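A short write-up of the structure that comes next.
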Amino acid sequence: MAKRVSIIHGAVCLAVGITSVTPAFAGGLERGGYNIDQLFDASPFTFQSGVTFVAPQRKLKNVQDGPAGGAFVGGTTTADDTENYAIPYVGFKGSYNDVDCLIDYSQPFGAHLNPGANWAGAQSNIETKLRTDNYGLTCSYKFDMGPGQFRVIGGGFYQEIEGFKTRNVAQIPAGLGTGVGRLDLGDESWGWRAGVAYEIPEYALRASLVYNSRVKYDLTGTLDLTQIAPAVSPGNPYLGRRFNVVGSADAPDSLELKVQSGIAPDWLAFGSVKWTNWSLIQSIRFCEENGAFGCPATGVTSLDLLYRDGWTVSGGIGHKFNDKLSGAVSVTWDRGTSTGIGASSDTWTLGAGVQYAVTDNIEWRLGAAVGVLTSGSSGQVTRGGVTYGTDATYDYGNDVVAAINTSVKVKF
């Protein structure tokens, strides 16, 4: 029995804060993703708060304005595409008999690309920023099954989205505006999750399978083209105006399998596989709300992403060093979602984390990760008879991304 007890205290309390770090630069628009690990905490009540800081270093090169150089003149052939960002998390978990519930706040999806106005691809993007705020309630009911316990998991979440994009719509003579257009968008909607889990606490064994639903957005916002005078193209009814636009998009559903088990006294192995339905997001078309001029087939404007589904595979091992300190390391592969447009390529990540028991009721976690954003290119792509990526072409090499996470958990 002594061996089993050692596994319990050495494995369950391992520092796996790295699992909050590595998804922070996964494919598509992934930021923190959905994480309900706090629901499984053995303490009756826990409060956890943390933040992950991410520094991606994606650099674009060999930039041309359009597939053959385009009509725009000037601009650098290189650009720093990505901005640093922070992802907060707050969660409170409570238990009553065999029911556990988690209330949490997170930012599952987002993006911030800012190559600026002085690169040759400015008609593709000057700055794009997107964020989501997610407020969730997830509960589980557990009952004995064999040597362990089986859980049924269910819950819902309310999600808000907001963002903007600016780009050089037209290169125009002096006195007729800057040529820059701006799209602002936002909405809020609901989603749900369901899952199951099986645990044998004395061996620190847990396997969970959780599905998170799509979140359907009816996007509303404005398109500002006041910096392009109508005289630039007299037949275009949208120039020189700022007007309301509408569109629709889905945040993707996902399915994640997580497994962990004690493998020796004070040692734990863990791993996960996640599928994310990023192929939902292809070209998001925006039309003028109640517009008198109709809507072109490709929209007044659009966000062209052409994503494919994402896959994330992670595995690692943890160790308890003493009654105060434990740690873990992991390796993660994330399949890039870009299919010829954009720079969301495969990512390989090495993460490490430590957990320190400040007191019997307070735990402090510190995790860090470093990864490689693999190389690729972006340019002209044809889908369903429509050609995308005609606004800019560029290459990108193997770039570095780094992240650090810190959190505090209070148990009572």
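Residues in the structure tokens are numbered from 1 in each chain, the chains being A, B, ... in the order shown, and ligands are numbered from 1 in the order shown.
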
Which of region 165-358 of chain A end up as helix (DSSP H, G or I) when DSSP is run on this backbone - answer as a list in words?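 In region 165-358 of chain A, DSSP puts these residues in helix (DSSP H, G or I): Pro201, Glu202, Tyr203, Pro230, Ala231, Val232, Trp278, Ser279 and Leu280 of chain A.
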
Mind dumping the selected residues with N, CA, C and O atoms as a PDB file, in the first residue's frame?
ATOM      1  N   PRO A 201      -8.089   6.997  -8.342  1.00  0.00           N
ATOM      2  CA  PRO A 201      -7.239   7.973  -7.644  1.00  0.00           C
ATOM      3  C   PRO A 201      -5.969   7.379  -7.046  1.00  0.00           C
ATOM      4  O   PRO A 201      -4.920   8.033  -7.047  1.00  0.00           O
ATOM      5  N   GLU A 202      -6.020   6.141  -6.513  1.00  0.00           N
ATOM      6  CA  GLU A 202      -4.840   5.609  -5.848  1.00  0.00           C
ATOM      7  C   GLU A 202      -3.684   5.376  -6.816  1.00  0.00           C
ATOM      8  O   GLU A 202      -2.531   5.258  -6.399  1.00  0.00           O
ATOM      9  N   TYR A 203      -3.958   5.285  -8.106  1.00  0.00           N
ATOM     10  CA  TYR A 203      -2.907   5.166  -9.114  1.00  0.00           C
ATOM     11  C   TYR A 203      -2.727   6.456  -9.925  1.00  0.00           C
ATOM     12  O   TYR A 203      -1.992   6.445 -10.918  1.00  0.00           O
ATOM     13  N   PRO A 230     -14.672  58.784 -53.461  1.00  0.00           N
ATOM     14  CA  PRO A 230     -15.439  58.199 -54.574  1.00  0.00           C
ATOM     15  C   PRO A 230     -14.830  58.459 -55.934  1.00  0.00           C
ATOM     16  O   PRO A 230     -15.008  57.663 -56.862  1.00  0.00           O
ATOM     17  N   ALA A 231     -14.076  59.548 -56.065  1.00  0.00           N
ATOM     18  CA  ALA A 231     -13.471  59.884 -57.354  1.00  0.00           C
ATOM     19  C   ALA A 231     -12.445  58.856 -57.805  1.00  0.00           C
ATOM     20  O   ALA A 231     -12.115  58.766 -58.992  1.00  0.00           O
ATOM     21  N   VAL A 232     -11.933  58.052 -56.879  1.00  0.00           N
ATOM     22  CA  VAL A 232     -10.968  57.011 -57.231  1.00  0.00           C
ATOM     23  C   VAL A 232     -11.595  55.992 -58.170  1.00  0.00           C
ATOM     24  O   VAL A 232     -10.963  55.509 -59.106  1.00  0.00           O
ATOM     25  N   TRP A 278     -11.334  23.422 -37.462  1.00  0.00           N
ATOM     26  CA  TRP A 278     -11.030  24.722 -38.057  1.00  0.00           C
ATOM     27  C   TRP A 278     -11.477  24.833 -39.515  1.00  0.00           C
ATOM     28  O   TRP A 278     -11.587  25.937 -40.050  1.00  0.00           O
ATOM     29  N   SER A 279     -11.731  23.710 -40.174  1.00  0.00           N
ATOM     30  CA  SER A 279     -12.164  23.776 -41.568  1.00  0.00           C
ATOM     31  C   SER A 279     -13.544  24.423 -41.719  1.00  0.00           C
ATOM     32  O   SER A 279     -13.973  24.703 -42.849  1.00  0.00           O
ATOM     33  N   LEU A 280     -14.238  24.667 -40.610  1.00  0.00           N
ATOM     34  CA  LEU A 280     -15.469  25.463 -40.653  1.00  0.00           C
ATOM     35  C   LEU A 280     -15.216  26.854 -41.221  1.00  0.00           C
ATOM     36  O   LEU A 280     -16.104  27.468 -41.812  1.00  0.00           O
TER      37      LEU A 280
END

Requested in this report: Might you pull out every residue within 9 Å of Leu255 (chain A), with only C-alpha atoms counted and same-chain residues fewer than 4 positions away left off, and present them as a PyMOL selection string?
Outcome: chain A and resi 209-213+273-277

Identify, on the basis of only C-alpha atoms, every residue whose closest approach to region 173-185 of chain A does not exceed 7 Å; exclude the query and any residue fewer than 4 positions from it along the same chain; express the result as a short mmCIF file (atom, residue, chain, number, x, y, z; two decimals) with all heavy atoms, in the first residue's frame.
data_model
loop_
_atom_site.label_atom_id
_atom_site.label_comp_id
_atom_site.auth_asym_id
_atom_site.auth_seq_id
_atom_site.Cartn_x
_atom_site.Cartn_y
_atom_site.Cartn_z
N GLU A 162 -14.87 40.09 -30.47
CA GLU A 162 -14.73 41.41 -31.06
C GLU A 162 -13.39 41.49 -31.77
O GLU A 162 -12.43 40.80 -31.40
CB GLU A 162 -14.83 42.52 -30.01
CG GLU A 162 -13.73 42.49 -28.96
CD GLU A 162 -13.83 43.66 -28.00
OE1 GLU A 162 -14.80 44.43 -28.11
OE2 GLU A 162 -12.94 43.80 -27.15
N GLY A 163 -13.33 42.31 -32.82
CA GLY A 163 -12.09 42.43 -33.54
C GLY A 163 -12.16 43.49 -34.63
O GLY A 163 -13.20 44.10 -34.87
N PHE A 164 -11.02 43.69 -35.28
CA PHE A 164 -10.96 44.64 -36.40
C PHE A 164 -9.85 44.23 -37.35
O PHE A 164 -8.94 43.45 -37.01
CB PHE A 164 -10.72 46.07 -35.89
CG PHE A 164 -9.33 46.31 -35.35
CD1 PHE A 164 -8.27 46.67 -36.18
CD2 PHE A 164 -9.07 46.17 -33.99
CE1 PHE A 164 -7.00 46.89 -35.69
CE2 PHE A 164 -7.80 46.39 -33.48
CZ PHE A 164 -6.77 46.74 -34.32
N LYS A 165 -9.93 44.76 -38.56
CA LYS A 165 -8.87 44.58 -39.54
C LYS A 165 -8.73 45.86 -40.35
O LYS A 165 -9.73 46.45 -40.77
CB LYS A 165 -9.17 43.41 -40.48
CG LYS A 165 -8.10 43.24 -41.58
CD LYS A 165 -8.33 42.01 -42.44
CE LYS A 165 -7.20 41.85 -43.47
NZ LYS A 165 -7.32 40.61 -44.25
N THR A 166 -7.49 46.29 -40.57
CA THR A 166 -7.21 47.40 -41.47
C THR A 166 -6.30 46.91 -42.58
O THR A 166 -5.44 46.05 -42.38
CB THR A 166 -6.51 48.57 -40.73
OG1 THR A 166 -5.28 48.10 -40.15
CG2 THR A 166 -7.41 49.13 -39.63
N ARG A 167 -6.51 47.46 -43.78
CA ARG A 167 -5.65 47.13 -44.91
C ARG A 167 -5.71 48.25 -45.93
O ARG A 167 -6.61 49.10 -45.89
CB ARG A 167 -6.06 45.81 -45.54
CG ARG A 167 -7.38 45.81 -46.29
CD ARG A 167 -7.68 44.44 -46.86
NE ARG A 167 -8.87 44.42 -47.72
CZ ARG A 167 -8.87 44.63 -49.02
NH1 ARG A 167 -7.72 44.91 -49.65
NH2 ARG A 167 -9.99 44.59 -49.72
N ASN A 168 -4.74 48.25 -46.82
CA ASN A 168 -4.68 49.25 -47.87
C ASN A 168 -5.60 48.83 -49.01
O ASN A 168 -5.29 47.91 -49.77
CB ASN A 168 -3.24 49.40 -48.37
CG ASN A 168 -3.00 50.70 -49.10
OD1 ASN A 168 -3.96 51.40 -49.42
ND2 ASN A 168 -1.75 51.02 -49.35
N VAL A 169 -6.76 49.47 -49.11
CA VAL A 169 -7.76 49.09 -50.11
C VAL A 169 -7.38 49.59 -51.49
O VAL A 169 -7.61 48.91 -52.49
CB VAL A 169 -9.15 49.63 -49.71
CG1 VAL A 169 -10.20 49.31 -50.77
CG2 VAL A 169 -9.56 49.06 -48.36
N LEU A 219 -22.34 37.95 -37.02
CA LEU A 219 -21.44 39.09 -36.83
C LEU A 219 -22.06 40.38 -37.36
O LEU A 219 -22.68 40.40 -38.42
CB LEU A 219 -20.11 38.83 -37.54
CG LEU A 219 -19.33 37.61 -37.06
CD1 LEU A 219 -18.17 37.32 -38.00
CD2 LEU A 219 -18.81 37.83 -35.63
N THR A 220 -21.89 41.43 -36.59
CA THR A 220 -22.29 42.77 -37.02
C THR A 220 -21.12 43.71 -36.79
O THR A 220 -20.26 43.46 -35.94
CB THR A 220 -23.52 43.28 -36.25
OG1 THR A 220 -23.21 43.32 -34.84
CG2 THR A 220 -24.72 42.38 -36.47
N GLY A 221 -21.09 44.79 -37.56
CA GLY A 221 -20.01 45.74 -37.40
C GLY A 221 -20.09 46.86 -38.41
O GLY A 221 -21.17 47.14 -38.95
N THR A 222 -18.97 47.49 -38.66
CA THR A 222 -18.91 48.60 -39.61
C THR A 222 -17.72 48.42 -40.55
O THR A 222 -16.72 47.81 -40.19
CB THR A 222 -18.77 49.95 -38.89
OG1 THR A 222 -17.57 49.95 -38.10
CG2 THR A 222 -19.98 50.21 -37.99
N LEU A 223 -17.88 48.95 -41.75
CA LEU A 223 -16.80 49.02 -42.72
C LEU A 223 -16.57 50.49 -43.04
O LEU A 223 -17.48 51.18 -43.50
CB LEU A 223 -17.14 48.23 -43.98
CG LEU A 223 -16.06 48.20 -45.07
CD1 LEU A 223 -14.78 47.56 -44.55
CD2 LEU A 223 -16.55 47.45 -46.30
N ASP A 224 -15.38 50.96 -42.75
CA ASP A 224 -15.04 52.37 -42.93
C ASP A 224 -14.17 52.53 -44.17
O ASP A 224 -13.00 52.12 -44.19
CB ASP A 224 -14.30 52.88 -41.70
CG ASP A 224 -14.09 54.39 -41.71
OD1 ASP A 224 -14.22 55.00 -42.79
OD2 ASP A 224 -13.80 54.95 -40.64
N LEU A 225 -14.75 53.10 -45.22
CA LEU A 225 -14.02 53.38 -46.46
C LEU A 225 -13.96 54.88 -46.74
O LEU A 225 -13.85 55.30 -47.89
CB LEU A 225 -14.70 52.65 -47.63
CG LEU A 225 -14.76 51.13 -47.53
CD1 LEU A 225 -15.48 50.54 -48.74
CD2 LEU A 225 -13.36 50.52 -47.41
N GLN A 227 -11.62 56.82 -46.21
CA GLN A 227 -10.29 57.27 -46.65
C GLN A 227 -10.02 56.94 -48.11
O GLN A 227 -8.88 57.06 -48.57
CB GLN A 227 -9.22 56.63 -45.76
CG GLN A 227 -9.20 57.17 -44.34
CD GLN A 227 -8.95 58.66 -44.31
OE1 GLN A 227 -8.04 59.18 -44.98
NE2 GLN A 227 -9.77 59.37 -43.55
N ILE A 228 -11.06 56.52 -48.84
CA ILE A 228 -10.95 56.33 -50.29
C ILE A 228 -12.04 57.17 -50.94
O ILE A 228 -13.23 56.83 -50.86
CB ILE A 228 -11.10 54.85 -50.70
CG1 ILE A 228 -10.12 53.97 -49.92
CG2 ILE A 228 -10.86 54.69 -52.18
CD1 ILE A 228 -10.71 53.28 -48.72
N ALA A 229 -11.65 58.25 -51.54
CA ALA A 229 -12.63 59.18 -52.14
C ALA A 229 -13.37 58.51 -53.30
O ALA A 229 -12.78 57.71 -54.05
CB ALA A 229 -11.93 60.44 -52.63
#

Give me the residues near region 397-405 of chain A as a short mmCIF file (atom, residue, chain, number, x, y, z; two decimals) with N, CA and C atoms, in the first residue's frame, where near means some atom within 6 Å (using only C-alpha atoms) and where sequence neighbours in that chain fewer than 3 positions away do not count.
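And here's result-v1.cif as it stands now:
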data_model
loop_
_atom_site.label_atom_id
_atom_site.label_comp_id
_atom_site.auth_asym_id
_atom_site.auth_seq_id
_atom_site.Cartn_x
_atom_site.Cartn_y
_atom_site.Cartn_z
N VAL A 51 -1.93 33.61 -15.68
CA VAL A 51 -1.79 34.29 -16.95
C VAL A 51 -0.66 33.63 -17.74
N THR A 52 -0.85 33.54 -19.06
CA THR A 52 0.17 33.03 -19.96
C THR A 52 0.59 34.15 -20.90
N PHE A 53 1.89 34.39 -20.98
CA PHE A 53 2.43 35.41 -21.88
C PHE A 53 3.14 34.71 -23.03
N VAL A 54 2.78 35.08 -24.26
CA VAL A 54 3.28 34.40 -25.45
C VAL A 54 4.00 35.40 -26.36
N ALA A 55 5.15 34.99 -26.87
CA ALA A 55 5.95 35.85 -27.75
C ALA A 55 6.28 35.10 -29.04
N PRO A 56 5.38 35.12 -30.03
CA PRO A 56 5.69 34.50 -31.32
C PRO A 56 6.54 35.44 -32.17
N GLN A 57 7.46 34.87 -32.93
CA GLN A 57 8.41 35.67 -33.71
C GLN A 57 8.29 35.36 -35.20
N ARG A 58 7.07 35.36 -35.73
CA ARG A 58 6.86 35.04 -37.15
C ARG A 58 7.32 36.19 -38.03
N LEU A 366 4.72 27.56 -12.14
CA LEU A 366 5.45 28.32 -13.15
C LEU A 366 5.76 27.37 -14.30
N GLY A 367 5.35 27.74 -15.51
CA GLY A 367 5.61 26.92 -16.68
C GLY A 367 6.21 27.76 -17.80
N ALA A 368 6.99 27.12 -18.64
CA ALA A 368 7.58 27.81 -19.79
C ALA A 368 7.65 26.85 -20.97
N ALA A 369 7.68 27.41 -22.15
CA ALA A 369 7.74 26.60 -23.36
C ALA A 369 8.49 27.36 -24.44
N VAL A 370 9.15 26.61 -25.30
CA VAL A 370 9.80 27.18 -26.47
C VAL A 370 9.47 26.27 -27.64
N GLY A 371 9.19 26.86 -28.79
CA GLY A 371 8.77 26.06 -29.93
C GLY A 371 9.30 26.58 -31.25
N VAL A 372 9.09 25.79 -32.29
CA VAL A 372 9.46 26.14 -33.65
C VAL A 372 8.20 26.24 -34.49
N LEU A 373 7.99 27.41 -35.10
CA LEU A 373 6.95 27.61 -36.09
C LEU A 373 7.56 27.26 -37.44
N THR A 374 7.10 26.20 -38.07
CA THR A 374 7.78 25.70 -39.26
C THR A 374 7.53 26.59 -40.48
N SER A 375 8.32 26.37 -41.51
CA SER A 375 8.35 27.24 -42.68
C SER A 375 7.22 26.94 -43.65
#

query: What residues in region 164-381 of chain A get the DSSP label strand (DSSP E or B)? Please answer as a VMD selection string.
result: chain A and resid 164 to 168 180 to 200 205 to 212 215 to 224 242 to 251 254 to 264 267 to 276 283 to 288 301 to 304 310 to 320 325 to 334 347 to 357 362 to 373 376 to 378 381

query = Skipping near chain neighbours, those fewer than 2 positions away, what residues fall within 12 Å of Arg206 (chain A) using only C-alpha atoms, listed as a VMD selection string?
reply = chain A and resid 11 to 12 37 40 to 41 148 to 151 196 to 204 208 to 209 257 to 262 268 to 272

- Quick one: residues within 7 Å of Leu305 (chain A), only C-alpha atoms counted, chain neighbours fewer than 3 positions away excluded, as a ChimeraX atom specification? /A:281-283,341

Just checking: using only C-alpha atoms, which residue out of A:Pro265, A:Gly353, A:Gly389, A:Gly146 ends up closest to Val329 (chain A)?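 Result for the nearest residue to Val329 (chain A): A:Gly353.
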
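Taking CA of Asp323 (chain A) and CA of Ala357 (chain A) as the two end points, the separation is 7.9 Å.
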
**Request:** Within 7 Å of region 109-120 of chain A, counting only C-alpha atoms, which residues show up once you throw out same-chain ones fewer than 3 positions away? Write them as a count of residues only, please.
**Result:** 25
